>>> print(open('query-v4.csv').read())   # CSV, C-alpha atoms
chain,number,residue,atom,x,y,z
A,1499,MET,CA,-10.5,-18.8,17.9
A,1500,LYS,CA,-13.2,-16.2,17.7
A,1501,SER,CA,-11.8,-14.3,20.7
A,1502,LEU,CA,-8.4,-14.2,19.0
A,1503,LYS,CA,-9.9,-12.6,16.0
A,1504,ILE,CA,-11.7,-10.0,18.1
A,1505,ILE,CA,-8.5,-9.2,20.0
A,1506,GLY,CA,-6.6,-8.8,16.7
A,1507,ILE,CA,-9.3,-6.4,15.4
A,1508,CYS,CA,-9.3,-4.4,18.6
A,1509,ALA,CA,-5.5,-4.2,18.7
A,1510,SER,CA,-5.4,-2.9,15.1
A,1511,ILE,CA,-7.9,-0.2,15.9
A,1512,ILE,CA,-6.2,0.9,19.1
A,1513,ILE,CA,-2.7,1.1,17.5
A,1514,PHE,CA,-4.0,2.9,14.5
A,1515,SER,CA,-5.9,5.5,16.6
A,1516,GLN,CA,-3.0,6.1,18.9
A,1517,SER,CA,-0.6,6.6,16.0
A,1518,VAL,CA,-2.8,9.1,14.3
A,1519,TYR,CA,-3.3,10.9,17.6
A,1520,ALA,CA,0.4,11.1,18.2
A,1521,GLN,CA,1.0,12.3,14.7
A,1522,GLN,CA,-1.6,15.0,15.0
A,1523,SER,CA,-0.2,16.1,18.3
A,1524,GLN,CA,3.2,16.4,16.8
A,1525,MET,CA,1.9,18.5,14.0
A,1526,ASN,CA,0.1,20.8,16.3
A,1527,HIS,CA,3.2,21.2,18.4
A,1528,ASP,CA,5.3,22.1,15.4
A,1529,ASP,CA,2.7,24.6,14.2
A,1530,HIS,CA,2.7,26.6,17.4
A,1531,ASP,CA,6.2,26.4,18.7
A,1532,HIS,CA,8.4,26.3,15.6
A,1533,PRO,CA,11.4,24.7,17.3
A,1534,GLU,CA,14.5,23.9,15.4
A,1535,MET,CA,12.8,21.7,12.8
A,1536,ASP,CA,14.5,18.9,11.1
A,1537,LYS,CA,13.9,17.9,7.5
A,1538,GLU,CA,11.4,15.2,8.5
A,1539,SER,CA,9.1,17.7,10.2
A,1540,ILE,CA,9.0,20.3,7.4
A,1541,THR,CA,8.4,18.0,4.5
A,1542,ASP,CA,4.7,18.0,4.9
A,1543,VAL,CA,4.0,21.7,5.1
A,1544,SER,CA,4.8,24.8,3.1
A,1545,ILE,CA,6.9,26.5,5.6
A,1546,ALA,CA,9.9,27.1,3.3
A,1547,THR,CA,8.3,29.5,0.9
A,1548,ASP,CA,11.4,31.5,0.0
A,1549,GLY,CA,14.6,30.4,-1.6
A,1550,PRO,CA,15.1,28.2,-4.7
A,1551,VAL,CA,12.2,26.0,-5.6
A,1552,ILE,CA,11.8,23.4,-8.3
A,1553,VAL,CA,8.2,22.8,-9.4
A,1554,ALA,CA,7.9,19.3,-10.8
A,1555,SER,CA,4.8,18.4,-12.8
A,1556,VAL,CA,4.2,14.7,-12.1
A,1557,ASN,CA,2.0,12.0,-13.6
A,1558,GLY,CA,0.3,9.4,-11.4
A,1559,LEU,CA,-0.2,11.6,-8.3
A,1560,VAL,CA,-3.6,10.3,-7.2
A,1561,CYS,CA,-3.0,8.6,-3.9
A,1562,ASP,CA,-1.8,10.3,-0.7
A,1563,PHE,CA,-0.8,7.0,0.9
A,1564,CYS,CA,1.4,6.2,-2.1
A,1565,ALA,CA,2.7,9.7,-2.4
A,1566,GLN,CA,4.4,9.4,1.0
A,1567,ALA,CA,7.1,7.7,-1.0
A,1568,LEU,CA,8.1,11.1,-2.4
A,1569,LYS,CA,8.7,12.4,1.1
A,1570,LYS,CA,10.8,9.4,2.0
A,1571,VAL,CA,12.9,9.5,-1.2
A,1572,PHE,CA,13.5,13.3,-1.3
A,1573,GLN,CA,14.3,13.8,2.3
A,1574,LYS,CA,17.4,11.7,1.9
A,1575,GLU,CA,18.8,14.4,-0.5
A,1576,GLU,CA,21.1,17.0,1.2
A,1577,ALA,CA,20.0,19.7,-1.3
A,1578,VAL,CA,16.4,19.3,-0.4
A,1579,LYS,CA,15.1,21.5,2.5
A,1580,ALA,CA,11.4,20.7,2.2
A,1581,LEU,CA,8.8,19.2,-0.1
A,1582,LYS,CA,5.2,20.1,-0.8
A,1583,VAL,CA,2.9,17.7,-2.7
A,1584,ASP,CA,-0.1,19.1,-4.4
A,1585,LEU,CA,-2.3,16.2,-5.5
A,1586,ASP,CA,-4.9,18.5,-7.1
A,1587,ALA,CA,-2.4,20.2,-9.4
A,1588,GLY,CA,-0.2,17.0,-9.9
A,1589,GLU,CA,2.8,19.0,-8.7
A,1590,VAL,CA,5.6,18.5,-6.3
A,1591,ARG,CA,7.3,21.7,-5.0
A,1592,ILE,CA,10.9,20.9,-4.0
A,1593,PHE,CA,12.4,23.6,-1.8
A,1594,LEU,CA,16.2,23.6,-2.0
A,1595,GLU,CA,18.8,24.7,0.6
A,1596,GLU,CA,20.5,28.0,-0.4
A,1597,GLY,CA,23.4,27.4,-2.7
A,1598,GLN,CA,22.3,23.9,-3.6
A,1599,MET,CA,20.9,22.6,-6.9
A,1600,LEU,CA,19.3,19.5,-8.4
A,1601,SER,CA,19.5,18.9,-12.1
A,1602,ASP,CA,16.4,17.9,-14.0
A,1603,ALA,CA,18.0,14.5,-14.5
A,1604,VAL,CA,18.3,14.0,-10.8
A,1605,VAL,CA,14.8,15.2,-10.2
A,1606,ALA,CA,13.5,12.8,-12.8
A,1607,LYS,CA,15.4,10.0,-11.2
A,1608,LEU,CA,14.1,10.7,-7.7
A,1609,ILE,CA,10.5,11.0,-9.0
A,1610,ARG,CA,10.9,7.7,-10.8
A,1611,LYS,CA,12.4,6.1,-7.7
A,1612,SER,CA,9.3,7.3,-5.9
A,1613,GLY,CA,7.1,5.5,-8.4
A,1614,TYR,CA,5.9,8.4,-10.6
A,1615,SER,CA,6.7,10.0,-13.9
A,1616,LEU,CA,8.1,13.4,-14.4
A,1617,VAL,CA,6.4,15.5,-17.0
A,1618,ASP,CA,8.4,18.7,-16.7
A,1619,THR,CA,10.0,21.1,-14.3
A,1620,LYS,CA,9.9,24.9,-13.6
A,1621,ARG,CA,12.5,26.7,-11.5
A,1622,GLU,CA,11.8,29.6,-9.3
A,1623,GLY,CA,13.9,31.7,-6.9
A,1624,GLY,CA,17.2,30.9,-8.7
A,1625,ALA,CA,16.9,27.2,-8.5
B,1257,MET,CA,-1.6,-26.9,-11.2
B,1258,PHE,CA,0.2,-24.9,-8.5
B,1259,ILE,CA,3.6,-25.5,-10.1
B,1260,ARG,CA,2.2,-24.4,-13.5
B,1261,LEU,CA,0.9,-21.2,-11.9
B,1262,ILE,CA,4.3,-20.5,-10.3
B,1263,LEU,CA,6.1,-20.9,-13.6
B,1264,ILE,CA,3.6,-18.6,-15.4
B,1265,LEU,CA,4.1,-16.0,-12.7
B,1266,MET,CA,7.9,-16.2,-12.8
B,1267,LEU,CA,7.8,-15.9,-16.6
B,1268,SER,CA,5.5,-12.9,-16.5
B,1269,VAL,CA,7.7,-11.2,-13.9
B,1270,SER,CA,10.9,-11.9,-15.8
B,1271,ILE,CA,9.8,-10.5,-19.1
B,1272,THR,CA,8.7,-7.1,-17.7
B,1273,THR,CA,11.8,-6.0,-16.0
B,1274,THR,CA,12.1,-3.0,-18.2
B,1275,ALA,CA,9.0,-1.4,-16.7
B,1276,TYR,CA,10.0,1.3,-14.3
B,1277,ALA,CA,7.6,1.0,-11.5
B,1278,ARG,CA,6.9,2.6,-8.3
B,1279,PRO,CA,8.0,0.8,-5.2
B,1280,VAL,CA,5.8,-1.9,-3.7
B,1281,SER,CA,6.7,0.4,-0.8
B,1282,TYR,CA,9.7,2.6,-1.5
B,1283,PRO,CA,13.4,1.9,-1.6
B,1284,ASP,CA,14.6,0.9,1.9
B,1285,GLY,CA,11.0,1.1,3.1
B,1286,TRP,CA,9.4,-1.4,5.6
B,1287,THR,CA,5.7,-2.3,5.6
B,1288,PHE,CA,3.6,-4.1,8.1
B,1289,MET,CA,0.2,-5.5,7.1
B,1290,GLN,CA,-2.4,-7.2,9.1
B,1291,LYS,CA,-5.6,-8.6,7.6
B,1292,ASN,CA,-8.6,-10.2,9.4
B,1293,ASN,CA,-11.9,-11.5,8.1
B,1294,GLY,CA,-14.1,-14.4,8.8
B,1295,SER,CA,-12.1,-16.8,6.7
B,1296,TYR,CA,-8.5,-16.0,7.7
B,1297,SER,CA,-6.1,-13.7,9.5
B,1298,SER,CA,-2.7,-12.8,8.2
B,1299,VAL,CA,0.4,-10.9,9.1
B,1300,HIS,CA,2.8,-9.7,6.4
B,1301,ALA,CA,6.0,-7.7,7.1
B,1302,HIS,CA,8.2,-6.9,4.1
B,1303,TYR,CA,11.2,-4.8,3.1
B,1304,SER,CA,11.5,-3.1,-0.3
B,1305,PRO,CA,15.1,-3.2,-1.5
B,1306,THR,CA,14.2,-1.5,-4.8
B,1307,ALA,CA,11.5,0.6,-6.2
B,1308,SER,CA,9.5,-2.4,-7.5
B,1309,ASP,CA,10.2,-5.4,-5.3
B,1310,SER,CA,9.6,-6.4,-1.7
B,1311,ILE,CA,10.3,-9.5,0.3
B,1312,GLY,CA,9.3,-10.5,3.7
B,1313,ALA,CA,7.6,-13.0,6.1
B,1314,TYR,CA,4.0,-14.0,5.7
B,1315,ILE,CA,1.8,-15.9,8.2
B,1316,GLU,CA,-1.8,-16.9,7.6
B,1317,LYS,CA,-4.2,-18.7,9.7
B,1318,ASN,CA,-7.2,-20.1,7.8
B,1319,TRP,CA,-9.9,-20.3,10.4
B,1320,GLN,CA,-12.3,-22.4,8.3
B,1321,GLU,CA,-9.8,-25.1,7.3
B,1322,ASP,CA,-7.8,-24.8,10.5
B,1323,ILE,CA,-4.5,-24.5,8.6
B,1324,THR,CA,-1.6,-22.2,9.5
B,1325,PHE,CA,0.8,-21.2,6.7
B,1326,THR,CA,4.2,-19.7,7.5
B,1327,GLY,CA,6.5,-18.6,4.8
B,1328,ILE,CA,8.4,-16.1,2.7
B,1329,GLN,CA,6.5,-13.8,0.3
B,1330,TYR,CA,8.0,-11.9,-2.7
B,1331,ASN,CA,6.0,-9.1,-4.2
B,1332,ARG,CA,6.7,-7.4,-7.5
B,1333,LEU,CA,5.2,-4.3,-9.0
B,1334,VAL,CA,5.3,-5.7,-12.6
B,1335,LYS,CA,4.0,-2.6,-14.3
B,1336,ARG,CA,2.6,0.8,-13.5
B,1337,TRP,CA,0.8,3.2,-15.8
B,1338,ASN,CA,1.0,6.8,-14.6
B,1339,GLY,CA,-1.6,9.1,-16.2
B,1340,ARG,CA,-2.1,12.8,-15.6
B,1341,LYS,CA,-5.1,12.0,-13.3
B,1342,THR,CA,-5.0,8.2,-13.1
B,1343,GLN,CA,-2.7,5.4,-12.0
B,1344,ALA,CA,-2.9,1.7,-12.7
B,1345,ASN,CA,-0.8,-1.1,-11.3
B,1346,PHE,CA,-0.1,-4.7,-12.0
B,1347,TYR,CA,1.3,-6.8,-9.1
B,1348,ALA,CA,2.5,-10.3,-8.9
B,1349,LYS,CA,3.0,-12.1,-5.6
B,1350,VAL,CA,4.4,-15.5,-4.7
B,1351,GLY,CA,4.8,-17.2,-1.3
B,1352,VAL,CA,6.6,-20.4,-0.3
B,1353,GLY,CA,6.7,-22.0,3.1
B,1354,GLN,CA,5.1,-24.7,5.2
B,1355,ALA,CA,1.6,-25.3,6.4
B,1356,ASN,CA,0.3,-27.3,9.3
B,1357,PRO,CA,-3.2,-28.7,8.6
B,1358,PHE,CA,-5.4,-29.1,11.6
B,1359,GLY,CA,-2.4,-28.2,13.8
B,1360,ASN,CA,-1.5,-31.8,14.5
B,1361,ILE,CA,-0.1,-33.2,11.3
B,1362,GLY,CA,3.5,-32.7,10.1
B,1363,ALA,CA,4.2,-29.5,8.2
B,1364,LYS,CA,4.0,-29.7,4.5
B,1365,LEU,CA,5.6,-27.7,1.7
B,1366,SER,CA,3.0,-25.1,0.7
B,1367,GLY,CA,2.7,-21.9,-1.3
B,1368,PHE,CA,0.5,-19.4,-3.1
B,1369,THR,CA,0.6,-17.0,-6.0
B,1370,GLU,CA,-1.5,-14.0,-6.7
B,1371,LEU,CA,-2.0,-11.5,-9.5
B,1372,ALA,CA,-3.6,-8.1,-8.9
B,1373,PHE,CA,-4.6,-5.2,-11.0
B,1374,ASP,CA,-5.9,-1.9,-9.9
B,1375,TRP,CA,-6.9,1.4,-11.5
B,1376,GLU,CA,-7.6,4.6,-9.6
B,1377,THR,CA,-8.2,8.3,-9.8
B,1378,ARG,CA,-8.6,10.6,-6.8
B,1379,ARG,CA,-12.3,9.8,-6.8
B,1380,TRP,CA,-12.7,6.2,-8.1
B,1381,PHE,CA,-10.9,2.9,-7.3
B,1382,THR,CA,-11.2,-0.5,-8.9
B,1383,GLU,CA,-9.2,-3.7,-8.2
B,1384,TYR,CA,-9.2,-7.3,-9.4
B,1385,ARG,CA,-7.2,-10.2,-7.8
B,1386,ILE,CA,-6.8,-13.8,-8.5
B,1387,ARG,CA,-5.1,-16.0,-5.9
B,1388,ALA,CA,-4.2,-19.7,-6.0
B,1389,THR,CA,-3.1,-21.4,-2.8
B,1390,ASP,CA,-1.8,-24.9,-2.0
B,1391,PHE,CA,-1.7,-25.1,1.7
B,1392,ALA,CA,-0.8,-28.7,2.8
B,1393,ASN,CA,-2.4,-30.1,-0.4
B,1394,ASN,CA,-5.5,-28.1,0.3
B,1395,GLN,CA,-5.8,-26.3,-3.1
B,1396,SER,CA,-7.9,-23.3,-3.8
B,1397,VAL,CA,-8.3,-20.6,-6.4
B,1398,HIS,CA,-10.4,-17.5,-5.7
B,1399,HIS,CA,-11.1,-14.2,-7.2
B,1400,SER,CA,-12.0,-10.8,-5.7
B,1401,GLY,CA,-12.9,-7.4,-7.0
B,1402,ARG,CA,-13.4,-4.0,-5.4
B,1403,LEU,CA,-15.1,-0.8,-6.5
B,1404,GLY,CA,-14.6,2.3,-4.4
B,1405,VAL,CA,-15.5,5.9,-4.3
B,1406,ALA,CA,-14.1,8.8,-2.3
B,1407,PRO,CA,-16.9,10.9,-0.8
B,1408,TYR,CA,-14.6,13.9,-0.6
B,1409,ILE,CA,-11.2,14.7,-2.1
B,1410,GLY,CA,-8.6,15.4,0.6
B,1411,ASP,CA,-5.3,17.2,0.3
B,1412,TYR,CA,-1.9,15.7,0.9
B,1413,GLY,CA,-1.6,14.8,4.5
B,1414,ASP,CA,-5.4,14.8,5.2
B,1415,LEU,CA,-7.4,12.0,6.5
B,1416,HIS,CA,-8.7,10.2,3.4
B,1417,THR,CA,-11.9,8.2,3.2
B,1418,TRP,CA,-13.0,5.6,0.7
B,1419,LEU,CA,-16.3,3.7,0.6
B,1420,MET,CA,-15.9,0.4,-1.1
B,1421,VAL,CA,-17.6,-2.8,-2.0
B,1422,GLN,CA,-15.6,-6.0,-2.2
B,1423,VAL,CA,-17.0,-9.1,-4.0
B,1424,GLU,CA,-15.2,-12.4,-3.5
B,1425,ASN,CA,-15.7,-15.7,-5.3
B,1426,HIS,CA,-14.5,-19.0,-3.8
B,1427,PRO,CA,-15.8,-21.6,-6.3
B,1428,GLU,CA,-15.5,-24.5,-3.9
B,1429,SER,CA,-17.2,-22.9,-1.0
B,1430,SER,CA,-20.8,-23.6,-0.1
B,1431,GLN,CA,-21.4,-19.8,-0.3
B,1432,PRO,CA,-19.3,-19.1,-3.4
B,1433,THR,CA,-19.8,-15.4,-3.7
B,1434,THR,CA,-19.7,-12.9,-0.8
B,1435,THR,CA,-20.1,-9.2,-0.6
B,1436,THR,CA,-18.3,-6.9,1.8
B,1437,PRO,CA,-19.1,-3.2,2.1
B,1438,LEU,CA,-16.1,-1.5,3.7
B,1439,ILE,CA,-14.6,1.8,4.6
B,1440,ARG,CA,-11.0,2.6,4.0
B,1441,LEU,CA,-9.3,5.3,5.9
B,1442,PHE,CA,-5.7,6.5,5.5
B,1443,LYS,CA,-3.6,9.3,6.8
B,1444,GLY,CA,0.1,9.6,6.3
B,1445,VAL,CA,1.6,6.2,6.4
B,1446,GLN,CA,-1.3,4.5,8.1
B,1447,MET,CA,-4.2,2.7,6.4
B,1448,LEU,CA,-7.2,1.1,8.1
B,1449,GLU,CA,-10.1,-0.8,6.5
B,1450,LEU,CA,-13.2,-2.0,8.3
B,1451,GLY,CA,-16.0,-4.0,6.7
B,1452,TYR,CA,-18.7,-6.5,7.1
B,1453,THR,CA,-19.3,-9.6,5.0
B,1454,ILE,CA,-23.0,-9.9,4.6
B,1455,GLU,CA,-23.4,-13.6,3.7
B,1456,HIS,CA,-21.1,-14.8,6.5
B,1457,GLU,CA,-22.1,-12.1,9.0
B,1458,GLU,CA,-18.4,-11.5,9.8
B,1459,TRP,CA,-16.3,-8.4,10.2
B,1460,LEU,CA,-13.3,-7.5,8.2
B,1461,ALA,CA,-10.4,-5.4,9.6
B,1462,ASN,CA,-7.2,-4.6,7.7
B,1463,TRP,CA,-4.3,-2.4,8.9
B,1464,ILE,CA,-1.2,-1.3,7.0
B,1465,VAL,CA,1.6,0.9,8.2
B,1466,ARG,CA,4.8,1.9,6.4
B,1467,PHE,CA,8.1,2.9,7.9
>>> encode(input="query-v4.csv", output="structure tokens")
Amino acid sequence: MKSLKIIGICASIIIFSQSVYAQQSQMNHDDHDHPEMDKESITDVSIATDGPVIVASVNGLVCDFCAQALKKVFQKEEAVKALKVDLDAGEVRIFLEEGQMLSDAVVAKLIRKSGYSLVDTKREGGA
Amino acid sequence: MFIRLILILMLSVSITTTAYARPVSYPDGWTFMQKNNGSYSSVHAHYSPTASDSIGAYIEKNWQEDITFTGIQYNRLVKRWNGRKTQANFYAKVGVGQANPFGNIGAKLSGFTELAFDWETRRWFTEYRIRATDFANNQSVHHSGRLGVAPYIGDYGDLHTWLMVQVENHPESSQPTTTTPLIRLFKGVQMLELGYTIEHEEWLANWIVRF
């Protein structure tokens, strides 16, 4: 019984470390090569700094692990090119595809679906 | 007692459906959780169809009582309070299935229910849980609490670290109260906890990943 517990603990640590390593390697690869990036790969970083942007002030942004939900929810939207979460400022910067738009009502709905509360929005770059 | 707890839980869940809550995971999200300590090991895999519910399989092996529980677990985020720099959550969980005591007696209808409340900022974390189990007529109620502090404040996507102390109380145990210092690490969708229960001299290892 004790050996089973030890095996379980070791397996957890190994799987976790490999996954983190793989994730880090992928990030490094993206940083240097800039291949044709899909939406998944650009949601974590502020590559898309030009174009229309919605800055959403959000309540409840205290936990990175939980805030991953924002990425998962927003990346399903065709209008969204990238997402940047600022935990310090309590803000989510939503970078839109050119010619696309998201209404405040839709933004509020997606924020709520991610588990947070929208306070207000600011629009930049013609969003 | 167990039936009564279930009824109270179902009632509390049903009267709070107006609360818009964050997902237990997120809509269409999958979560895999593995927990190990000196008392039990468990595996829980669940799917979140909505922003506030998840349902999945739960298996728990109680090492001290030599009981294995296998069943279905439903989790609900009953209420969330989002503040400018704070967040609090109230969860309810219920599981129904079968348990094989001592591994050689026929399976018996079993279940559990749990209520959990947490409050956190980017620096501080507190949590309280109460859990009632009825595994093959082996009934138990226990409480646990956690206090945590983040030694540094990481940005989104960084490796985050929490130092925590967990205190558990099992009233029927020969050592009712135990203390477990632990470290919680998370990065992206992965979370790992490692700790050591002082009184039992046993290790704790928990791992969660979301898809």
>>> closest_residue(input="query-v4.csv", among="B:Leu1460, B:Val1405, B:Leu1419, B:Ile1323", to="chain A", atoms="only C-alpha atoms")
B:Leu1460
>>> closest_atom_pairs(input="query-v4.csv", of="chain B", to="chain A", cutoff="9 Å", atoms="all atoms listed in the file", output="JSON lines")
{"residue": "B:Tyr1276", "atom": "CA", "partner": "A:Arg1610", "partner_atom": "CA", "distance": 7.3}
{"residue": "B:Ala1277", "atom": "CA", "partner": "A:Gly1613", "partner_atom": "CA", "distance": 5.5}
{"residue": "B:Arg1278", "atom": "CA", "partner": "A:Gly1613", "partner_atom": "CA", "distance": 2.9}
{"residue": "B:Pro1279", "atom": "CA", "partner": "A:Gly1613", "partner_atom": "CA", "distance": 5.8}
{"residue": "B:Val1280", "atom": "CA", "partner": "A:Gly1613", "partner_atom": "CA", "distance": 8.9}
{"residue": "B:Ser1281", "atom": "CA", "partner": "A:Ala1567", "partner_atom": "CA", "distance": 7.3}
{"residue": "B:Tyr1282", "atom": "CA", "partner": "A:Ala1567", "partner_atom": "CA", "distance": 5.7}
{"residue": "B:Pro1283", "atom": "CA", "partner": "A:Lys1611", "partner_atom": "CA", "distance": 7.5}
{"residue": "B:Gly1285", "atom": "CA", "partner": "A:Lys1570", "partner_atom": "CA", "distance": 8.4}
{"residue": "B:Gln1290", "atom": "CA", "partner": "A:Ser1510", "partner_atom": "CA", "distance": 8.0}
{"residue": "B:Lys1291", "atom": "CA", "partner": "A:Ile1507", "partner_atom": "CA", "distance": 8.9}
{"residue": "B:Asn1292", "atom": "CA", "partner": "A:Ile1507", "partner_atom": "CA", "distance": 7.1}
{"residue": "B:Asn1293", "atom": "CA", "partner": "A:Lys1503", "partner_atom": "CA", "distance": 8.2}
{"residue": "B:Gly1294", "atom": "CA", "partner": "A:Lys1503", "partner_atom": "CA", "distance": 8.5}
{"residue": "B:Ser1297", "atom": "CA", "partner": "A:Lys1503", "partner_atom": "CA", "distance": 7.6}
{"residue": "B:Thr1306", "atom": "CA", "partner": "A:Lys1611", "partner_atom": "CA", "distance": 8.3}
{"residue": "B:Ala1307", "atom": "CA", "partner": "A:Lys1611", "partner_atom": "CA", "distance": 5.8}
{"residue": "B:Ser1308", "atom": "CA", "partner": "A:Gly1613", "partner_atom": "CA", "distance": 8.3}
{"residue": "B:Trp1319", "atom": "CA", "partner": "A:Met1499", "partner_atom": "CA", "distance": 7.7}
{"residue": "B:Arg1336", "atom": "CA", "partner": "A:Gly1613", "partner_atom": "CA", "distance": 8.3}
{"residue": "B:Trp1337", "atom": "CA", "partner": "A:Gly1558", "partner_atom": "CA", "distance": 7.6}
{"residue": "B:Asn1338", "atom": "CA", "partner": "A:Gly1558", "partner_atom": "CA", "distance": 4.2}
{"residue": "B:Gly1339", "atom": "CA", "partner": "A:Gly1558", "partner_atom": "CA", "distance": 5.2}
{"residue": "B:Arg1340", "atom": "CA", "partner": "A:Asn1557", "partner_atom": "CA", "distance": 4.6}
{"residue": "B:Lys1341", "atom": "CA", "partner": "A:Gly1558", "partner_atom": "CA", "distance": 6.3}
{"residue": "B:Thr1342", "atom": "CA", "partner": "A:Gly1558", "partner_atom": "CA", "distance": 5.7}
{"residue": "B:Gln1343", "atom": "CA", "partner": "A:Gly1558", "partner_atom": "CA", "distance": 5.0}
{"residue": "B:Ala1344", "atom": "CA", "partner": "A:Gly1558", "partner_atom": "CA", "distance": 8.4}
{"residue": "B:Glu1376", "atom": "CA", "partner": "A:Val1560", "partner_atom": "CA", "distance": 7.4}
{"residue": "B:Thr1377", "atom": "CA", "partner": "A:Val1560", "partner_atom": "CA", "distance": 5.6}
{"residue": "B:Arg1378", "atom": "CA", "partner": "A:Val1560", "partner_atom": "CA", "distance": 5.0}
{"residue": "B:Arg1379", "atom": "CA", "partner": "A:Val1560", "partner_atom": "CA", "distance": 8.7}
{"residue": "B:Ile1409", "atom": "CA", "partner": "A:Asp1586", "partner_atom": "CA", "distance": 8.9}
{"residue": "B:Gly1410", "atom": "CA", "partner": "A:Asp1562", "partner_atom": "CA", "distance": 8.6}
{"residue": "B:Asp1411", "atom": "CA", "partner": "A:Leu1585", "partner_atom": "CA", "distance": 6.6}
{"residue": "B:Tyr1412", "atom": "CA", "partner": "A:Asp1562", "partner_atom": "CA", "distance": 5.6}
{"residue": "B:Gly1413", "atom": "CA", "partner": "A:Asp1562", "partner_atom": "CA", "distance": 6.9}
{"residue": "B:Asp1414", "atom": "CA", "partner": "A:Asp1562", "partner_atom": "CA", "distance": 8.2}
{"residue": "B:His1416", "atom": "CA", "partner": "A:Asp1562", "partner_atom": "CA", "distance": 8.0}
{"residue": "B:Phe1442", "atom": "CA", "partner": "A:Phe1563", "partner_atom": "CA", "distance": 6.7}
{"residue": "B:Lys1443", "atom": "CA", "partner": "A:Phe1563", "partner_atom": "CA", "distance": 6.9}
{"residue": "B:Gly1444", "atom": "CA", "partner": "A:Phe1563", "partner_atom": "CA", "distance": 6.1}
{"residue": "B:Val1445", "atom": "CA", "partner": "A:Phe1563", "partner_atom": "CA", "distance": 6.1}
{"residue": "B:Gln1446", "atom": "CA", "partner": "A:Phe1514", "partner_atom": "CA", "distance": 7.1}
{"residue": "B:Met1447", "atom": "CA", "partner": "A:Phe1563", "partner_atom": "CA", "distance": 7.8}
{"residue": "B:Leu1448", "atom": "CA", "partner": "A:Phe1514", "partner_atom": "CA", "distance": 7.4}
{"residue": "B:Trp1459", "atom": "CA", "partner": "A:Ile1507", "partner_atom": "CA", "distance": 8.9}
{"residue": "B:Leu1460", "atom": "CA", "partner": "A:Ile1507", "partner_atom": "CA", "distance": 8.3}
{"residue": "B:Ala1461", "atom": "CA", "partner": "A:Ile1507", "partner_atom": "CA", "distance": 6.0}
{"residue": "B:Asn1462", "atom": "CA", "partner": "A:Ser1510", "partner_atom": "CA", "distance": 7.8}
{"residue": "B:Trp1463", "atom": "CA", "partner": "A:Ser1510", "partner_atom": "CA", "distance": 6.3}
{"residue": "B:Val1465", "atom": "CA", "partner": "A:Phe1514", "partner_atom": "CA", "distance": 8.7}
>>> closest_residue(input="query-v4.csv", among="A:Lys1569, A:Lys1574, A:Gly1624, A:Val1553", to="Gly1597 in chain A", atoms="all atoms listed in the file")
A:Gly1624
>>> atom_distance(input="query-v4.csv", atom1="CA of Ala1372 in chain B", atom2="CA of Phe1572 in chain A")
28.4 Å
>>> atom_distance(input="query-v4.csv", atom1="CA of Ala1355 in chain B", atom2="CA of His1426 in chain B")
20.1 Å
>>> atom_distance(input="query-v4.csv", atom1="CA of Gln1354 in chain B", atom2="CA of Leu1333 in chain B")
24.9 Å
>>> closest_residue(input="query-v4.csv", among="B:Glu1458, B:Asp1374, B:Phe1325, B:Leu1415", to="Asn1393 in chain B", atoms="all atoms listed in the file")
B:Phe1325
>>> residues_around(input="query-v4.csv", residues="Gly1549 in chain A", least_positions_apart="6", cutoff="8 Å", atoms="only C-alpha atoms", output="list in words")
Phe1593, Leu1594, Glu1595, Glu1596, Gly1623, Gly1624 and Ala1625 of chain A
>>> closest_residue(input="query-v4.csv", among="B:Ala1301, B:Val1334, B:Ala1392, B:Ile1328", to="Lys1364 in chain B", atoms="only C-alpha atoms")
B:Ala1392
>>> closest_residue(input="query-v4.csv", among="B:Ile1386, B:Asn1394, B:Arg1440, B:Gln1422", to="Ala1406 in chain B", atoms="only C-alpha atoms")
B:Arg1440
>>> residues_around(input="query-v4.csv", residues="Thr1382 in chain B", least_positions_apart="3", cutoff="6 Å", atoms="all atoms listed in the file", output="count of residues only")
4
>>> residues_near_point(input="query-v4.csv", point="(11.5, 15.6, -7.9)", cutoff="7 Å", atoms="all atoms listed in the file", output="list of chain:residue names")
A:Ala1554, A:Val1590, A:Ile1592, A:Val1605, A:Ala1606, A:Leu1608, A:Ile1609
>>> residues_around(input="query-v4.csv", residues="range 1434-1438 of chain B", least_positions_apart="6", cutoff="7 Å", atoms="all atoms listed in the file", output="mmCIF file with C-alpha atoms, in the coordinates of the input")
data_model
loop_
_atom_site.group_PDB
_atom_site.id
_atom_site.type_symbol
_atom_site.label_atom_id
_atom_site.label_comp_id
_atom_site.auth_asym_id
_atom_site.auth_seq_id
_atom_site.Cartn_x
_atom_site.Cartn_y
_atom_site.Cartn_z
ATOM 1 C CA LEU B 1419 -16.300 3.700 0.600
ATOM 2 C CA MET B 1420 -15.900 0.400 -1.100
ATOM 3 C CA VAL B 1421 -17.600 -2.800 -2.000
ATOM 4 C CA GLN B 1422 -15.600 -6.000 -2.200
ATOM 5 C CA VAL B 1423 -17.000 -9.100 -4.000
ATOM 6 C CA GLU B 1424 -15.200 -12.400 -3.500
ATOM 7 C CA ASN B 1425 -15.700 -15.700 -5.300
ATOM 8 C CA GLU B 1449 -10.100 -0.800 6.500
ATOM 9 C CA LEU B 1450 -13.200 -2.000 8.300
ATOM 10 C CA GLY B 1451 -16.000 -4.000 6.700
ATOM 11 C CA TYR B 1452 -18.700 -6.500 7.100
ATOM 12 C CA THR B 1453 -19.300 -9.600 5.000
ATOM 13 C CA ILE B 1454 -23.000 -9.900 4.600
ATOM 14 C CA GLU B 1455 -23.400 -13.600 3.700
#
>>> residues_near_point(input="query-v4.csv", point="(3.2, -13.9, 6.2)", cutoff="8 Å", atoms="all atoms listed in the file", output="list in words")
Ser1298, Val1299, His1300, Ala1301, Gly1312, Ala1313, Tyr1314, Ile1315, Glu1316, Phe1325, Thr1326, Gly1327, Ile1328 and Gln1329 of chain B
